[in-house]
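Colleague: Just coords_1.pdb, nothing more (PDB, C-alpha atoms, pLDDT in the B column):
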ATOM      1  CA  MET A  12       9.668 -21.960 -23.634  1.00 56.00           C
ATOM      2  CA  HIS A  13       5.911 -21.936 -23.930  1.00 68.00           C
ATOM      3  CA  ASN A  14       4.581 -18.684 -25.329  1.00 84.00           C
ATOM      4  CA  MET A  15       2.057 -18.360 -22.472  1.00 95.00           C
ATOM      5  CA  ASN A  16      -0.464 -17.020 -24.983  1.00 95.00           C
ATOM      6  CA  SER A  17      -3.313 -18.324 -22.849  1.00 97.00           C
ATOM      7  CA  PHE A  18      -2.772 -15.249 -20.647  1.00 98.00           C
ATOM      8  CA  PRO A  19      -4.032 -11.786 -21.564  1.00 97.00           C
ATOM      9  CA  PRO A  20      -1.023  -9.670 -22.612  1.00 96.00           C
ATOM     10  CA  ALA A  21       0.810  -7.027 -20.618  1.00 95.00           C
ATOM     11  CA  GLY A  22       0.183  -8.323 -17.112  1.00 98.00           C
ATOM     12  CA  ILE A  23       2.560  -9.001 -14.233  1.00 98.00           C
ATOM     13  CA  ALA A  24       4.172 -12.358 -13.472  1.00 98.00           C
ATOM     14  CA  VAL A  25       5.706 -12.873 -10.029  1.00 98.00           C
ATOM     15  CA  VAL A  26       8.092 -15.679  -9.087  1.00 98.00           C
ATOM     16  CA  ILE A  27       8.570 -16.128  -5.343  1.00 98.00           C
ATOM     17  CA  GLY A  28      11.733 -18.028  -4.539  1.00 97.00           C
ATOM     18  CA  ALA A  29      13.367 -16.656  -7.687  1.00 97.00           C
ATOM     19  CA  SER A  30      16.898 -17.157  -6.365  1.00 94.00           C
ATOM     20  CA  GLY A  31      16.459 -20.933  -5.939  1.00 93.00           C
ATOM     21  CA  GLY A  32      17.304 -23.598  -8.467  1.00 94.00           C
ATOM     22  CA  LEU A  33      13.785 -24.134  -9.797  1.00 96.00           C
ATOM     23  CA  GLY A  34      12.632 -20.577  -9.088  1.00 96.00           C
ATOM     24  CA  SER A  35      15.420 -19.021 -11.153  1.00 97.00           C
ATOM     25  CA  ALA A  36      14.740 -21.493 -13.967  1.00 97.00           C
ATOM     26  CA  LEU A  37      11.107 -20.384 -13.967  1.00 97.00           C
ATOM     27  CA  PHE A  38      11.973 -16.704 -13.759  1.00 98.00           C
ATOM     28  CA  ARG A  39      14.395 -16.559 -16.685  1.00 97.00           C
ATOM     29  CA  PRO A  40      12.073 -17.702 -19.513  1.00 97.00           C
ATOM     30  CA  LEU A  41       9.218 -15.624 -18.147  1.00 97.00           C
ATOM     31  CA  ALA A  42      11.483 -12.570 -18.153  1.00 96.00           C
ATOM     32  CA  ARG A  43      12.390 -13.291 -21.779  1.00 95.00           C
ATOM     33  CA  SER A  44       8.769 -13.737 -22.771  1.00 92.00           C
ATOM     34  CA  SER A  45       6.991 -10.873 -24.443  1.00 93.00           C
ATOM     35  CA  ARG A  46       3.660 -11.980 -22.990  1.00 96.00           C
ATOM     36  CA  PHE A  47       4.053 -10.253 -19.636  1.00 97.00           C
ATOM     37  CA  GLY A  48       4.575  -6.536 -19.239  1.00 97.00           C
ATOM     38  CA  GLN A  49       6.683  -7.057 -16.135  1.00 97.00           C
ATOM     39  CA  VAL A  50       8.206 -10.106 -14.446  1.00 98.00           C
ATOM     40  CA  VAL A  51       9.193  -9.717 -10.807  1.00 98.00           C
ATOM     41  CA  GLY A  52      11.428 -12.080  -8.871  1.00 98.00           C
ATOM     42  CA  LEU A  53      11.147 -12.151  -5.076  1.00 98.00           C
ATOM     43  CA  SER A  54      13.303 -14.123  -2.669  1.00 97.00           C
ATOM     44  CA  ARG A  55      14.567 -14.204   0.876  1.00 95.00           C
ATOM     45  CA  SER A  56      18.191 -13.981  -0.244  1.00 92.00           C
ATOM     46  CA  ALA A  57      17.405 -10.774  -2.119  1.00 91.00           C
ATOM     47  CA  GLY A  58      15.701  -9.411   0.980  1.00 91.00           C
ATOM     48  CA  SER A  59      12.395  -8.868  -0.803  1.00 93.00           C
ATOM     49  CA  ILE A  60      10.291 -11.529   0.953  1.00 97.00           C
ATOM     50  CA  ASP A  61      10.517 -13.981   3.853  1.00 97.00           C
ATOM     51  CA  LEU A  62       7.893 -16.716   4.068  1.00 96.00           C
ATOM     52  CA  THR A  63       8.222 -16.812   7.849  1.00 96.00           C
ATOM     53  CA  ASN A  64       7.483 -13.086   8.159  1.00 97.00           C
ATOM     54  CA  GLU A  65       3.943 -12.109   7.153  1.00 98.00           C
ATOM     55  CA  GLN A  66       4.760  -8.406   7.165  1.00 98.00           C
ATOM     56  CA  SER A  67       7.381  -8.956   4.468  1.00 98.00           C
ATOM     57  CA  ILE A  68       4.759 -10.807   2.400  1.00 98.00           C
ATOM     58  CA  ALA A  69       2.260  -7.966   2.842  1.00 98.00           C
ATOM     59  CA  THR A  70       4.924  -5.411   1.889  1.00 98.00           C
ATOM     60  CA  ALA A  71       5.837  -7.375  -1.240  1.00 98.00           C
ATOM     61  CA  ALA A  72       2.167  -7.624  -2.247  1.00 98.00           C
ATOM     62  CA  ALA A  73       1.729  -3.870  -1.770  1.00 98.00           C
ATOM     63  CA  ALA A  74       4.721  -3.241  -4.027  1.00 97.00           C
ATOM     64  CA  ILE A  75       3.202  -5.447  -6.746  1.00 98.00           C
ATOM     65  CA  LYS A  76      -0.146  -3.684  -6.408  1.00 98.00           C
ATOM     66  CA  ALA A  77       1.601  -0.310  -6.807  1.00 98.00           C
ATOM     67  CA  ILE A  78       2.853  -1.308 -10.265  1.00 97.00           C
ATOM     68  CA  ASP A  79      -0.750  -0.815 -11.396  1.00 90.00           C
ATOM     69  CA  MET A  80      -0.853  -3.619 -13.950  1.00 97.00           C
ATOM     70  CA  PRO A  81      -3.015  -6.766 -13.824  1.00 98.00           C
ATOM     71  CA  LEU A  82      -1.370  -9.531 -11.782  1.00 98.00           C
ATOM     72  CA  ARG A  83      -1.721 -12.584 -14.023  1.00 98.00           C
ATOM     73  CA  LEU A  84       0.695 -15.154 -12.628  1.00 98.00           C
ATOM     74  CA  VAL A  85       2.057 -15.911  -9.169  1.00 98.00           C
ATOM     75  CA  LEU A  86       4.500 -18.822  -8.898  1.00 98.00           C
ATOM     76  CA  VAL A  87       5.532 -19.914  -5.405  1.00 98.00           C
ATOM     77  CA  ALA A  88       8.728 -21.878  -6.026  1.00 96.00           C
ATOM     78  CA  THR A  89       9.856 -22.292  -2.437  1.00 93.00           C
ATOM     79  CA  GLY A  90      10.377 -25.332  -0.267  1.00 88.00           C
ATOM     80  CA  LEU A  91      12.401 -26.799   2.579  1.00 86.00           C
ATOM     81  CA  LEU A  92      13.330 -30.466   2.732  1.00 85.00           C
ATOM     82  CA  HIS A  93      16.659 -30.332   4.533  1.00 72.00           C
ATOM     83  CA  ASP A  94      19.389 -28.033   5.777  1.00 75.00           C
ATOM     84  CA  ASP A  95      22.009 -28.040   8.507  1.00 71.00           C
ATOM     85  CA  GLN A  96      19.369 -28.492  11.198  1.00 75.00           C
ATOM     86  CA  LEU A  97      16.653 -30.385   9.330  1.00 75.00           C
ATOM     87  CA  GLN A  98      16.708 -33.797   7.678  1.00 88.00           C
ATOM     88  CA  PRO A  99      13.784 -35.947   6.459  1.00 88.00           C
ATOM     89  CA  GLU A 100      12.653 -38.311   9.202  1.00 89.00           C
ATOM     90  CA  LYS A 101      13.146 -41.984   8.394  1.00 93.00           C
ATOM     91  CA  SER A 102      11.115 -43.099  11.421  1.00 95.00           C
ATOM     92  CA  TRP A 103       8.683 -41.768  13.998  1.00 95.00           C
ATOM     93  CA  ARG A 104      11.638 -41.940  16.390  1.00 95.00           C
ATOM     94  CA  HIS A 105      13.045 -38.874  14.646  1.00 94.00           C
ATOM     95  CA  LEU A 106       9.951 -36.691  15.024  1.00 95.00           C
ATOM     96  CA  ASP A 107      10.673 -33.374  16.679  1.00 95.00           C
ATOM     97  CA  ALA A 108       8.123 -30.624  17.362  1.00 96.00           C
ATOM     98  CA  ASP A 109      10.376 -27.705  16.438  1.00 94.00           C
ATOM     99  CA  ARG A 110      11.508 -29.299  13.179  1.00 93.00           C
ATOM    100  CA  LEU A 111       7.942 -30.167  12.234  1.00 95.00           C
ATOM    101  CA  ALA A 112       6.859 -26.599  12.932  1.00 96.00           C
ATOM    102  CA  ARG A 113       9.697 -25.261  10.767  1.00 95.00           C
ATOM    103  CA  SER A 114       8.776 -27.525   7.867  1.00 94.00           C
ATOM    104  CA  PHE A 115       5.155 -26.404   8.074  1.00 96.00           C
ATOM    105  CA  ALA A 116       6.179 -22.746   8.359  1.00 96.00           C
ATOM    106  CA  VAL A 117       8.092 -22.821   5.073  1.00 95.00           C
ATOM    107  CA  ASN A 118       6.221 -25.465   3.078  1.00 96.00           C
ATOM    108  CA  ALA A 119       2.589 -24.740   4.049  1.00 98.00           C
ATOM    109  CA  THR A 120       2.008 -21.654   6.189  1.00 98.00           C
ATOM    110  CA  GLY A 121       4.267 -19.386   4.112  1.00 98.00           C
ATOM    111  CA  PRO A 122       2.598 -20.167   0.773  1.00 98.00           C
ATOM    112  CA  ALA A 123      -0.825 -19.848   2.437  1.00 98.00           C
ATOM    113  CA  LEU A 124       0.081 -16.348   3.633  1.00 98.00           C
ATOM    114  CA  ILE A 125       1.295 -15.497   0.138  1.00 98.00           C
ATOM    115  CA  ALA A 126      -2.135 -16.573  -1.117  1.00 98.00           C
ATOM    116  CA  LYS A 127      -3.766 -14.398   1.539  1.00 98.00           C
ATOM    117  CA  HIS A 128      -2.014 -11.268   0.297  1.00 98.00           C
ATOM    118  CA  PHE A 129      -1.628 -11.969  -3.437  1.00 98.00           C
ATOM    119  CA  LEU A 130      -4.936 -13.615  -4.411  1.00 98.00           C
ATOM    120  CA  PRO A 131      -6.905 -10.366  -3.835  1.00 98.00           C
ATOM    121  CA  LEU A 132      -4.655  -8.725  -6.445  1.00 98.00           C
ATOM    122  CA  LEU A 133      -5.707 -11.095  -9.242  1.00 98.00           C
ATOM    123  CA  PRO A 134      -8.026  -9.465 -11.788  1.00 98.00           C
ATOM    124  CA  ARG A 135     -11.695 -10.407 -11.788  1.00 97.00           C
ATOM    125  CA  GLU A 136     -11.702 -11.219 -15.509  1.00 97.00           C
ATOM    126  CA  GLY A 137      -9.295 -13.045 -17.779  1.00 98.00           C
ATOM    127  CA  LYS A 138      -6.921 -15.895 -17.003  1.00 98.00           C
ATOM    128  CA  ALA A 139      -4.830 -15.586 -13.870  1.00 98.00           C
ATOM    129  CA  VAL A 140      -2.921 -18.327 -12.065  1.00 98.00           C
ATOM    130  CA  PHE A 141      -1.631 -18.828  -8.541  1.00 98.00           C
ATOM    131  CA  ALA A 142       0.586 -21.923  -8.559  1.00 98.00           C
ATOM    132  CA  ALA A 143       2.627 -23.311  -5.673  1.00 98.00           C
ATOM    133  CA  ILE A 144       5.279 -25.988  -6.058  1.00 97.00           C
ATOM    134  CA  SER A 145       4.229 -29.071  -4.140  1.00 97.00           C
ATOM    135  CA  ALA A 146       5.551 -32.644  -4.309  1.00 95.00           C
ATOM    136  CA  LYS A 147       4.184 -36.062  -5.093  1.00 95.00           C
ATOM    137  CA  VAL A 148       5.348 -37.227  -1.674  1.00 94.00           C
ATOM    138  CA  GLY A 149       2.647 -34.928  -0.275  1.00 95.00           C
ATOM    139  CA  SER A 150       0.021 -37.247  -1.737  1.00 96.00           C
ATOM    140  CA  ILE A 151      -1.515 -39.368   1.030  1.00 96.00           C
ATOM    141  CA  GLY A 152      -3.000 -41.799  -1.471  1.00 96.00           C
ATOM    142  CA  ASP A 153       0.359 -42.321  -3.166  1.00 94.00           C
ATOM    143  CA  ASN A 154       2.347 -42.849   0.040  1.00 93.00           C
ATOM    144  CA  HIS A 155       3.526 -46.456  -0.007  1.00 94.00           C
ATOM    145  CA  LEU A 156       7.006 -46.060   1.450  1.00 94.00           C
ATOM    146  CA  GLY A 157       6.532 -44.041   4.648  1.00 95.00           C
ATOM    147  CA  GLY A 158       9.227 -41.800   6.075  1.00 94.00           C
ATOM    148  CA  TRP A 159       9.726 -38.096   5.434  1.00 95.00           C
ATOM    149  CA  TYR A 160       6.977 -37.296   7.944  1.00 95.00           C
ATOM    150  CA  GLY A 161       7.324 -33.526   8.165  1.00 95.00           C
ATOM    151  CA  TYR A 162       7.857 -32.831   4.471  1.00 95.00           C
ATOM    152  CA  ARG A 163       5.034 -35.166   3.407  1.00 96.00           C
ATOM    153  CA  ALA A 164       2.633 -33.685   5.946  1.00 97.00           C
ATOM    154  CA  ALA A 165       3.531 -30.074   5.143  1.00 97.00           C
ATOM    155  CA  LYS A 166       3.075 -30.604   1.403  1.00 97.00           C
ATOM    156  CA  ALA A 167      -0.240 -32.392   2.052  1.00 98.00           C
ATOM    157  CA  ALA A 168      -1.284 -29.362   4.096  1.00 98.00           C
ATOM    158  CA  LEU A 169      -0.192 -27.067   1.256  1.00 98.00           C
ATOM    159  CA  ASN A 170      -2.358 -29.033  -1.182  1.00 98.00           C
ATOM    160  CA  GLN A 171      -5.392 -28.659   1.093  1.00 98.00           C
ATOM    161  CA  LEU A 172      -4.785 -24.953   1.690  1.00 98.00           C
ATOM    162  CA  ILE A 173      -4.498 -24.195  -2.034  1.00 98.00           C
ATOM    163  CA  HIS A 174      -7.483 -26.426  -2.867  1.00 98.00           C
ATOM    164  CA  THR A 175      -9.562 -24.506  -0.335  1.00 98.00           C
ATOM    165  CA  ALA A 176      -8.364 -21.162  -1.690  1.00 98.00           C
ATOM    166  CA  ALA A 177      -9.325 -22.274  -5.212  1.00 98.00           C
ATOM    167  CA  ILE A 178     -12.921 -22.779  -4.106  1.00 98.00           C
ATOM    168  CA  GLU A 179     -13.093 -19.302  -2.600  1.00 98.00           C
ATOM    169  CA  LEU A 180     -11.307 -17.729  -5.575  1.00 98.00           C
ATOM    170  CA  GLN A 181     -13.885 -19.078  -8.029  1.00 97.00           C
ATOM    171  CA  ARG A 182     -16.648 -17.086  -6.375  1.00 97.00           C
ATOM    172  CA  THR A 183     -15.226 -13.749  -7.502  1.00 97.00           C
ATOM    173  CA  ARG A 184     -12.687 -14.671 -10.207  1.00 98.00           C
ATOM    174  CA  PRO A 185     -14.164 -17.437 -12.346  1.00 97.00           C
ATOM    175  CA  ASP A 186     -11.328 -17.285 -14.901  1.00 97.00           C
ATOM    176  CA  ALA A 187      -8.580 -17.728 -12.307  1.00 98.00           C
ATOM    177  CA  PHE A 188      -6.792 -20.872 -11.134  1.00 98.00           C
ATOM    178  CA  CYS A 189      -5.227 -22.030  -7.875  1.00 98.00           C
ATOM    179  CA  VAL A 190      -3.126 -25.168  -8.279  1.00 98.00           C
ATOM    180  CA  THR A 191      -0.189 -27.007  -6.781  1.00 98.00           C
ATOM    181  CA  LEU A 192       2.401 -28.538  -9.090  1.00 98.00           C
ATOM    182  CA  HIS A 193       4.710 -31.530  -8.774  1.00 97.00           C
ATOM    183  CA  PRO A 194       7.852 -30.797 -10.806  1.00 96.00           C
ATOM    184  CA  GLY A 195       9.328 -34.290 -10.677  1.00 92.00           C
ATOM    185  CA  THR A 196      12.788 -34.948  -9.296  1.00 90.00           C
ATOM    186  CA  VAL A 197      14.828 -31.877 -10.141  1.00 90.00           C
ATOM    187  CA  ALA A 198      18.593 -31.535  -9.946  1.00 85.00           C
ATOM    188  CA  THR A 199      18.669 -28.818  -7.284  1.00 72.00           C
ATOM    189  CA  PRO A 200      20.267 -28.565  -3.826  1.00 64.00           C
ATOM    190  CA  LEU A 201      16.882 -29.526  -2.308  1.00 57.00           C
ATOM    191  CA  SER A 202      16.881 -32.962  -3.916  1.00 55.00           C
ATOM    192  CA  ALA A 203      20.622 -33.551  -4.346  1.00 53.00           C
ATOM    193  CA  PRO A 204      21.133 -35.854  -1.324  1.00 57.00           C
ATOM    194  CA  PHE A 205      18.140 -38.005  -2.258  1.00 56.00           C
ATOM    195  CA  THR A 206      18.481 -38.734  -5.974  1.00 55.00           C
ATOM    196  CA  ALA A 207      19.763 -42.277  -5.510  1.00 51.00           C
ATOM    197  CA  SER A 208      16.209 -43.541  -5.021  1.00 55.00           C
ATOM    198  CA  GLY A 209      15.758 -44.599  -8.644  1.00 57.00           C
ATOM    199  CA  HIS A 210      14.324 -41.287  -9.874  1.00 64.00           C
ATOM    200  CA  ASP A 211      16.679 -39.745 -12.414  1.00 77.00           C
ATOM    201  CA  PRO A 212      16.659 -35.992 -11.831  1.00 86.00           C
ATOM    202  CA  VAL A 213      15.990 -33.553 -14.647  1.00 92.00           C
ATOM    203  CA  THR A 214      17.599 -30.155 -14.942  1.00 95.00           C
ATOM    204  CA  ALA A 215      15.824 -27.200 -13.386  1.00 94.00           C
ATOM    205  CA  GLU A 216      15.486 -25.658 -16.850  1.00 96.00           C
ATOM    206  CA  PHE A 217      13.756 -28.757 -18.225  1.00 96.00           C
ATOM    207  CA  ALA A 218      11.476 -28.954 -15.177  1.00 96.00           C
ATOM    208  CA  ALA A 219      10.590 -25.283 -15.525  1.00 97.00           C
ATOM    209  CA  THR A 220       9.693 -25.695 -19.194  1.00 97.00           C
ATOM    210  CA  ARG A 221       7.363 -28.576 -18.335  1.00 97.00           C
ATOM    211  CA  LEU A 222       5.680 -26.643 -15.545  1.00 98.00           C
ATOM    212  CA  LEU A 223       5.158 -23.534 -17.650  1.00 98.00           C
ATOM    213  CA  GLY A 224       3.536 -25.773 -20.241  1.00 97.00           C
ATOM    214  CA  VAL A 225       1.139 -27.137 -17.625  1.00 98.00           C
ATOM    215  CA  ILE A 226       0.273 -23.594 -16.521  1.00 98.00           C
ATOM    216  CA  ASP A 227      -0.252 -22.460 -20.114  1.00 97.00           C
ATOM    217  CA  ASN A 228      -2.614 -25.387 -20.779  1.00 97.00           C
ATOM    218  CA  LEU A 229      -4.728 -25.329 -17.615  1.00 98.00           C
ATOM    219  CA  ARG A 230      -8.380 -26.274 -18.090  1.00 97.00           C
ATOM    220  CA  ALA A 231     -11.342 -25.386 -15.906  1.00 96.00           C
ATOM    221  CA  ALA A 232     -11.384 -28.876 -14.365  1.00 96.00           C
ATOM    222  CA  ASP A 233      -7.791 -28.422 -13.146  1.00 98.00           C
ATOM    223  CA  ASN A 234      -8.614 -25.661 -10.681  1.00 98.00           C
ATOM    224  CA  GLY A 235      -7.756 -26.638  -7.122  1.00 98.00           C
ATOM    225  CA  ARG A 236      -5.894 -29.785  -8.102  1.00 98.00           C
ATOM    226  CA  MET A 237      -2.376 -31.043  -7.548  1.00 98.00           C
ATOM    227  CA  LEU A 238      -0.979 -31.650 -11.029  1.00 98.00           C
ATOM    228  CA  ASP A 239       2.190 -33.389 -12.077  1.00 97.00           C
ATOM    229  CA  HIS A 240       4.597 -32.076 -14.681  1.00 96.00           C
ATOM    230  CA  THR A 241       2.544 -33.642 -17.486  1.00 96.00           C
ATOM    231  CA  GLY A 242      -0.625 -31.889 -16.340  1.00 97.00           C
ATOM    232  CA  GLN A 243      -2.197 -35.028 -14.894  1.00 97.00           C
ATOM    233  CA  PRO A 244      -3.933 -34.790 -11.492  1.00 97.00           C
ATOM    234  CA  LEU A 245      -2.324 -36.632  -8.588  1.00 97.00           C
ATOM    235  CA  PRO A 246      -4.311 -38.299  -5.779  1.00 96.00           C
ATOM    236  CA  TRP A 247      -4.687 -36.464  -2.494  1.00 93.00           C
TER
END
Would it be possible to restate this file's structure as structure tokens?
Modeller:
Amino acid sequence: MHNMNSFPPAGIAVVIGASGGLGSALFRPLARSSRFGQVVGLSRSAGSIDLTNEQSIATAAAAIKAIDMPLRLVLVATGLLHDDQLQPEKSWRHLDADRLARSFAVNATGPALIAKHFLPLLPREGKAVFAAISAKVGSIGDNHLGGWYGYRAAKAALNQLIHTAAIELQRTRPDAFCVTLHPGTVATPLSAPFTASGHDPVTAEFAATRLLGVIDNLRAADNGRMLDHTGQPLPW
């Protein structure tokens, strides 16, 4: 666990998607850390937030604001690749408007609405970070295999939304960061059906440790970027 000493002490850390595989792995070490005065986990399964319901996001943000401590870290560890109704498209023949809209709602629009309601809560001075989990497959420049249309496009949209928010954030909060993070292939239910592609998955705990290290070591030039789990920028 990184000590997160780059953050001013006694602030709030929020993990959204804290009941998921990666989200819970991020939440646990933050909760054990003495750096933050309070660590809050939000998730749909706990009934505290729903990325497809903006009112629930606004209500969650109001509850964080009411704690009356500086909000230093927001981690959006949510994502939808597949479920009973949704599978990654292998061809354009599989494109479906409703499924595309659902992928965008969870992977891009939801995190953007979280940014809308949570970024204004970040303090105007001192390090603060808004980080959303993205994916390397959302890189247009790195796409050499095709397929996975909806997930790729939604994560590419997420990268653009967060990049744009980073530019606006800098105008009033020059010490703050907005980034998207690629965790690598993680052994979670999201990636489980797709780990035979030659990428050995790492445990959620190992992935979380790497990501917290990237967050702890952010530099000014990293703001607005998509970074991999080593802290290196990935192409758009």
Colleague: Pull out every residue that the PyMOL selection byres ((chain A and resi 122) around 12) matches in the shown coordinates and put them as an NGL selection string.
Modeller: :A and (27-28 or 60-65 or 68 or 85-91 or 114-121 or 123-130 or 141-145 or 165-166 or 168-173 or 176 or 189-191)
Colleague: Check the smallest atom-to-atom distance from each of A:Glu100, A:Asp107, A:Asp95, A:Asp79 to Trp159 in chain A using all atoms listed in the file, then report the winner.
Modeller: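 Selected residue with least distance to Trp159 in chain A: A:Glu100.
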Colleague: Contacts of Arg184 in chain A at 10 Å or less, counting only C-alpha atoms, minus same-chain residues fewer than 3 places along, as an mmCIF file with C-alpha atoms, in the frame of the given file?
Modeller:
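Result file is around_15.cif:
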data_model
loop_
_atom_site.group_PDB
_atom_site.id
_atom_site.type_symbol
_atom_site.label_atom_id
_atom_site.label_comp_id
_atom_site.auth_asym_id
_atom_site.auth_seq_id
_atom_site.Cartn_x
_atom_site.Cartn_y
_atom_site.Cartn_z
ATOM 1 C CA LEU A 130 -4.936 -13.615 -4.411
ATOM 2 C CA PRO A 131 -6.905 -10.366 -3.835
ATOM 3 C CA LEU A 133 -5.707 -11.095 -9.242
ATOM 4 C CA PRO A 134 -8.026 -9.465 -11.788
ATOM 5 C CA ARG A 135 -11.695 -10.407 -11.788
ATOM 6 C CA GLU A 136 -11.702 -11.219 -15.509
ATOM 7 C CA GLY A 137 -9.295 -13.045 -17.779
ATOM 8 C CA LYS A 138 -6.921 -15.895 -17.003
ATOM 9 C CA ALA A 139 -4.830 -15.586 -13.870
ATOM 10 C CA ALA A 177 -9.325 -22.274 -5.212
ATOM 11 C CA GLU A 179 -13.093 -19.302 -2.600
ATOM 12 C CA LEU A 180 -11.307 -17.729 -5.575
ATOM 13 C CA GLN A 181 -13.885 -19.078 -8.029
ATOM 14 C CA ALA A 187 -8.580 -17.728 -12.307
ATOM 15 C CA PHE A 188 -6.792 -20.872 -11.134
#
Colleague: Rounded to one decimal in Å, what is the spacing between CA of Lys147 in chain A and CA of Asn234 in chain A?
Modeller: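 The value is 17.4 Å.
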Colleague: Can you work out the spacing between CA of Arg43 in chain A and CA of Asp239 in chain A in Å, to one decimal?
Modeller: 24.5 Å
Colleague: Hey, can you check how far CA of Asp153 in chain A sits from CA of Met237 in chain A?
Modeller: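 That distance, rounded to one decimal, is 12.4 Å.
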Colleague: Specify as a list in words each residue included when the PyMOL selection byres ((chain A and resi 216) around 8) is applied to this file.
Modeller: Leu33, Ala36, Leu37, Thr214, Ala215, Phe217, Ala218, Ala219 and Thr220 of chain A
Colleague: Could you pull the residues within 12 Å of Asn14 in chain A, counting only C-alpha atoms, minus those fewer than 6 positions along the same chain, as JSON, numbers by chain?
Modeller: {"A": [20, 40, 41, 42, 43, 44, 45, 46, 47, 220, 223, 224, 225, 226, 227, 228]}
Colleague: Could you tell me which of A:Arg104, A:Arg83, A:Arg39, A:Lys76 comes closest to Phe18 in chain A if we count only C-alpha atoms?
Modeller: A:Arg83
Colleague: Counting all atoms listed in the file, what is within 10 Å of His105 in chain A, bar same-chain residues fewer than 4 positions away, as a ChimeraX atom specification?
Modeller: /A:98-101,110,158-160
Colleague: Find the residues near Gly157 in chain A: any atom within 12 Å, counting only C-alpha atoms, skip ones fewer than 5 places away on the same chain, and give them as number ranges by chain.
Modeller: A: 99-103, 148-152, 162-164
